[in-house]
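Take a look at the structure set out below.
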Amino acid sequence: MTEHRDSAVRSASTQLSEQGAPDAPVPERRRFLAKGGALAGALATFGLAEHSLAQSGTAAGAETANLPPNVPPWTKQLGEPTASPYGKPSRFETRAVRNLYPGLTEPMSAYSTTPLQELDGIITPNGLFYERHHAGVPQVDPAQHRLMIHGLVQKPLVFTVDELRQFPSESHIYFMECSGNPSFLPPWGKTAAEVAGLVSCAEWTGVPLKTVLQEVGVDPAAEWIIAEGADGAAMTRSIPISKCMDDVLLVYSQNGERLRPEQGYPLRLFVPGYEGNTHIKWLRRLHVVKQAGYTREETAKYTDLMDDGRARKFSFIMECKSIITHPSGTHKLTRKGKHEMRGIAWSGRGRIAHVDVSVDGGNTWTEAQLQQPVLNKALTAFRAPFEWNGEELTLMSRAVDETGYVQPTLEQLTAVRGQVSFYHNNSIQPWKVDANGEVTNGRA
Amino acid sequence: MVALKSTVLAALAAMSMAAPAVAQEGYGLGTPATPEQIAGWHIDVLPDGDGLPPGSGTVMQGKQVYQANCLACHGADLKGTAPWPALIGGQGSLATAKPLKTVGSYWPYATTLYDYIRRAMPFQTPQSLSNDEVYSVTAYILHMNGILDEDATLDAKSLPQVKMPNRDGFYVDDRPDTQNTRCMSDCLKQDAG
């Protein structure tokens, strides 16, 4: 398998290089370094500059005081004391933050994005996991929180969080994605976060819902479970019983620690591969029923309006998708020559099988290397080498999942659905690299 | 802490030893939900009316409830004040380039309106309206959409019988609906061809 991947990458490298400008990369790089000075040289080592870095270049004099041959002060003094109660990121990591989705003004029923362009690997840090709240973030006291299961069951029961933690537990790495990530209409986002930042991935720990359902005894007539949150929206979605008996989890921990309040502390539903809003947070009640609830969130919202005026309902699955996060919008290539593009791919139907990449706007594709592990319904990291020698490029990635489904273009999606279905846009995302190396949204 | 933990463990051990020899089917976790507990929390209203509480409300009463509790966000004319949604209008717009999805143009079930208002509205003070107030403001909104007469009264019997204009406007998800292929070269040419 490893050999196969390696050969795929080599062939990708060769093909992509052939499309580059004929300039010899080494002299180009020297010329650039000579012009740019020491700071630009340091940036060129990474091959990427971003806005704040580029701007800090104006204070180059001050920045060089700690560079070789000088010895920086942090080498010549003590650092911070040990055991701050909860560690925080470096204060220099100012861009790795969540932002309210572009255009939103009201923060209570709102969503914030994961800064995909700042992250590596497949695990989203808990503080950067995307958010969608319908009535703000409740602060729930776990000692006073209960999960009630009732309806078509033999024994309606109330569970404490502690009791749920006593059931046999499981941990799984799964992505979660908001159904509207993004819509089908402009304005197109500038950054990867603005384009697709309503997806994140974590290791979730909890008890399989089926284990707890066995405890209450589900009536064979049951076909749906209506899940309800304890927030001010009492957010409610109906989940098919077959899914509930499959891989749905009652989750209390995320990436090793208890859920954050904004992720549903102390208890949330997790519905692998389904749209994020079904993963009810602050879960307080499961109502086992024969018919779906047809709640506001599965009728007025989260239904997909088609061209003909009819709408898809219960459109749960987040289909196969990928995005290049590096380089992506607002990044800048600062030297010519070899680069690596990196990104993430995922599918609500299972594992990622392939990711193909293009530098010519989708005319020619080569297979990217997948980073292990490649997990069921989790983000999968991919990478591929490419060369840039000052010409205009359009970078794209196209994921294929284990069912054989190929990530579509925006045109293919809108041809079937029209422009206003809003949810479930999993289209191929283009990034344009201009003659100066600046990267912008290829749709703009 | 350690002492507490060992006490708890000892207590658990004692409980398991005290358990009858007949093994319970499950883990013996959870306590029975009493009818009173369920009644206090169960606020689901299903399309057939299951879950609707006793009580009633009229369009005229609903107008007063609306003006006191809803108008600030949804507007005196029910057309919404950004970013809060319009509650009326949009009928006939769903197949156009600018669809307006409202209670009248889009929602398939009137029961959903009751369910949603009772659980989540008013936005700042959810679950503060009485059951009668929810019936009445539901009636008012349906009336303003041309679905109920001005003299209408809603209760657990009449609400599920309200036929919404877009009742049959939905179908179950039929994706995958695209058939992209894994073309590797000359792909734009093939598309054009």
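Ordered as shown in the structure tokens, chains take letters A, B, and onward, while each chain numbers its residues from 1 and ligands are numbered from 1 in the order shown.
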Set the cut-off to 6 Å and count only C-alpha atoms: what are the residues of chain B that reach chain A? Output as a list in words.
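Going by the stated atoms only, the list reads Gly26, Gly30, Thr31, Pro32, Ala33, Leu46, Leu94, Ala95, Trp107, Thr112, Arg119, Ala120, Pro126, Gly169, Phe170, Tyr171, Val172, Asp173, Asn180, Met184, Ser185, Asp186, Cys187 and Leu188 of chain B.
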Which residues, written as a PyMOL selection string, have at least one atom at most 9 Å from Met144 (chain B), with only C-alpha atoms counted and residues fewer than 4 positions away on the same chain left out?
-> chain B and resi 78+87-88+104+139-140+148-150
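For the residues B:Val137, B:Val162, B:Leu142, B:Val45, ranking by smallest atom-to-atom distance to Gly62 (chain B) using only C-alpha atoms places B:Val137 first.
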- Determine the nearest neighbour of Lys79 (chain B) from the options B:Asn145, B:Thr58, B:Asn166, B:Gln161, counting only C-alpha atoms.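 Answer, going by the shortest atom-to-atom distance: B:Asn145.
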Atomic distance CA of Leu410 (chain A) - CA of Ser427 (chain A), expressed in Å with one decimal:
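Those two atoms sit 4.9 Å apart.
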What's around Ser158 (chain B) at 12 Å? Count only C-alpha atoms, leave out sequence neighbours fewer than 2 positions away in its own chain, and write the answer as a PDB file with N, CA and C atoms, in the first residue's frame.
```pdb
ATOM      1  N   ASP B  48     -49.929  14.344  13.904  1.00  0.00           N
ATOM      2  CA  ASP B  48     -51.311  13.871  14.114  1.00  0.00           C
ATOM      3  C   ASP B  48     -51.951  14.501  15.352  1.00  0.00           C
ATOM      4  N   GLY B  49     -51.238  15.423  15.993  1.00  0.00           N
ATOM      5  CA  GLY B  49     -51.787  16.106  17.159  1.00  0.00           C
ATOM      6  C   GLY B  49     -51.355  15.487  18.479  1.00  0.00           C
ATOM      7  N   LEU B  52     -50.486  17.440  21.928  1.00  0.00           N
ATOM      8  CA  LEU B  52     -51.128  18.746  22.130  1.00  0.00           C
ATOM      9  C   LEU B  52     -51.816  18.774  23.489  1.00  0.00           C
ATOM     10  N   PRO B  54     -54.374  20.270  26.645  1.00  0.00           N
ATOM     11  CA  PRO B  54     -55.708  20.876  26.747  1.00  0.00           C
ATOM     12  C   PRO B  54     -55.597  22.393  26.602  1.00  0.00           C
ATOM     13  N   GLY B  55     -56.737  23.023  26.359  1.00  0.00           N
ATOM     14  CA  GLY B  55     -56.742  24.477  26.226  1.00  0.00           C
ATOM     15  C   GLY B  55     -57.115  24.876  24.821  1.00  0.00           C
ATOM     16  N   SER B  56     -57.200  26.189  24.590  1.00  0.00           N
ATOM     17  CA  SER B  56     -57.558  26.694  23.268  1.00  0.00           C
ATOM     18  C   SER B  56     -57.182  28.164  23.167  1.00  0.00           C
ATOM     19  N   GLY B  57     -57.278  28.700  21.975  1.00  0.00           N
ATOM     20  CA  GLY B  57     -56.995  30.109  21.771  1.00  0.00           C
ATOM     21  C   GLY B  57     -57.604  30.591  20.475  1.00  0.00           C
ATOM     22  N   THR B  58     -57.973  31.863  20.433  1.00  0.00           N
ATOM     23  CA  THR B  58     -58.593  32.430  19.236  1.00  0.00           C
ATOM     24  C   THR B  58     -57.621  33.340  18.498  1.00  0.00           C
ATOM     25  N   ALA B 110     -49.214  22.408  10.619  1.00  0.00           N
ATOM     26  CA  ALA B 110     -49.544  23.462  11.575  1.00  0.00           C
ATOM     27  C   ALA B 110     -49.140  23.072  12.995  1.00  0.00           C
ATOM     28  N   THR B 111     -49.091  21.753  13.255  1.00  0.00           N
ATOM     29  CA  THR B 111     -48.680  21.298  14.595  1.00  0.00           C
ATOM     30  C   THR B 111     -47.257  21.747  14.916  1.00  0.00           C
ATOM     31  N   TYR B 135     -51.727  28.420  21.688  1.00  0.00           N
ATOM     32  CA  TYR B 135     -52.830  28.141  20.752  1.00  0.00           C
ATOM     33  C   TYR B 135     -53.271  29.424  20.041  1.00  0.00           C
ATOM     34  N   THR B 138     -50.634  30.875  17.602  1.00  0.00           N
ATOM     35  CA  THR B 138     -50.600  29.968  16.440  1.00  0.00           C
ATOM     36  C   THR B 138     -51.773  30.289  15.510  1.00  0.00           C
ATOM     37  N   ALA B 139     -52.948  30.471  16.112  1.00  0.00           N
ATOM     38  CA  ALA B 139     -54.136  30.801  15.321  1.00  0.00           C
ATOM     39  C   ALA B 139     -53.950  32.128  14.588  1.00  0.00           C
ATOM     40  N   LEU B 148     -56.462  30.420   8.266  1.00  0.00           N
ATOM     41  CA  LEU B 148     -57.582  30.333   9.212  1.00  0.00           C
ATOM     42  C   LEU B 148     -58.442  31.585   9.108  1.00  0.00           C
ATOM     43  N   ALA B 152     -61.635  32.085  14.030  1.00  0.00           N
ATOM     44  CA  ALA B 152     -61.263  30.698  14.322  1.00  0.00           C
ATOM     45  C   ALA B 152     -60.739  30.532  15.747  1.00  0.00           C
ATOM     46  N   THR B 153     -60.968  29.342  16.286  1.00  0.00           N
ATOM     47  CA  THR B 153     -60.412  28.926  17.574  1.00  0.00           C
ATOM     48  C   THR B 153     -59.618  27.644  17.350  1.00  0.00           C
ATOM     49  N   LEU B 154     -58.451  27.561  17.974  1.00  0.00           N
ATOM     50  CA  LEU B 154     -57.643  26.340  17.845  1.00  0.00           C
ATOM     51  C   LEU B 154     -57.594  25.609  19.176  1.00  0.00           C
ATOM     52  N   ASP B 155     -57.649  24.273  19.083  1.00  0.00           N
ATOM     53  CA  ASP B 155     -57.413  23.431  20.250  1.00  0.00           C
ATOM     54  C   ASP B 155     -56.807  22.114  19.757  1.00  0.00           C
ATOM     55  N   ALA B 156     -56.685  21.159  20.677  1.00  0.00           N
ATOM     56  CA  ALA B 156     -56.007  19.911  20.344  1.00  0.00           C
ATOM     57  C   ALA B 156     -56.710  19.147  19.236  1.00  0.00           C
ATOM     58  N   PRO B 160     -54.602  19.835  14.419  1.00  0.00           N
ATOM     59  CA  PRO B 160     -54.057  18.846  13.469  1.00  0.00           C
ATOM     60  C   PRO B 160     -54.844  18.778  12.170  1.00  0.00           C
ATOM     61  N   GLN B 161     -56.056  19.336  12.163  1.00  0.00           N
ATOM     62  CA  GLN B 161     -56.873  19.277  10.950  1.00  0.00           C
ATOM     63  C   GLN B 161     -56.583  20.422   9.982  1.00  0.00           C
ATOM     64  N   VAL B 162     -55.786  21.366  10.427  1.00  0.00           N
ATOM     65  CA  VAL B 162     -55.439  22.479   9.537  1.00  0.00           C
ATOM     66  C   VAL B 162     -54.557  21.958   8.417  1.00  0.00           C
ATOM     67  N   LYS B 163     -54.970  22.165   7.173  1.00  0.00           N
ATOM     68  CA  LYS B 163     -54.176  21.702   6.033  1.00  0.00           C
ATOM     69  C   LYS B 163     -53.300  22.846   5.550  1.00  0.00           C
TER      70      LYS B 163
END
```
Q) When DSSP works through the backbone of this structure, what residues of region 39-144 of chain B end up as strand (DSSP E or B), shown as a list of chain:residue names? A)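 So, restricting region 39-144 of chain B to strand (DSSP E or B), we get B:Ser56, B:Gly57, B:Thr58, B:Tyr109.
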Atom pair CA of Trp388 (chain A) + CA of Val433 (chain A), distance 8.8 Å
Could you list, with a cut-off of 10 Å and counting only C-alpha atoms, the residues of region 240-327 of chain A near region 186-198 of chain A, each shown with its nearest atom pair and the distance in Å rounded to one decimal, rows sorted by chain and ascending number, as CSV?
```
residue,atom,partner,partner_atom,distance
A:Gly276,CA,A:Leu198,CA,9.0
A:Lys321,CA,A:Ala196,CA,9.9
A:Ser322,CA,A:Ala196,CA,9.2
A:Ile323,CA,A:Ala196,CA,7.7
A:Ile324,CA,A:Ala192,CA,7.8
A:Thr325,CA,A:Ala192,CA,5.9
A:His326,CA,A:Ala192,CA,8.7
A:Pro327,CA,A:Ala192,CA,9.2
```
Selection file, C-alpha atoms, as a PDB file, in the first residue's frame:
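Output file part-v5.pdb is given in full below:
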```pdb
ATOM      1  CA  GLY A 276     -24.348  18.601  12.433  1.00  0.00           C
ATOM      2  CA  LYS A 321     -16.036  16.404   0.155  1.00  0.00           C
ATOM      3  CA  SER A 322     -12.514  17.809   0.304  1.00  0.00           C
ATOM      4  CA  ILE A 323     -10.778  21.162   0.435  1.00  0.00           C
ATOM      5  CA  ILE A 324      -7.188  22.313   0.069  1.00  0.00           C
ATOM      6  CA  THR A 325      -6.350  24.244   3.216  1.00  0.00           C
ATOM      7  CA  HIS A 326      -2.726  25.016   2.426  1.00  0.00           C
ATOM      8  CA  PRO A 327      -2.253  27.055   0.413  1.00  0.00           C
TER       9      PRO A 327
END
```
Exercise. CA of Ile43 (chain B) and CA of Arg118 (chain B) are how many Å apart?
Worked result: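 Pair CA of Ile43 (chain B) / CA of Arg118 (chain B) returns 7.8 Å.
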Select from region 263-411 of chain A everything DSSP, run on the backbone, classes as helix (DSSP H, G or I), then give the selection as a PyMOL selection string. chain A and resi 263+276-278+296-298+410-411
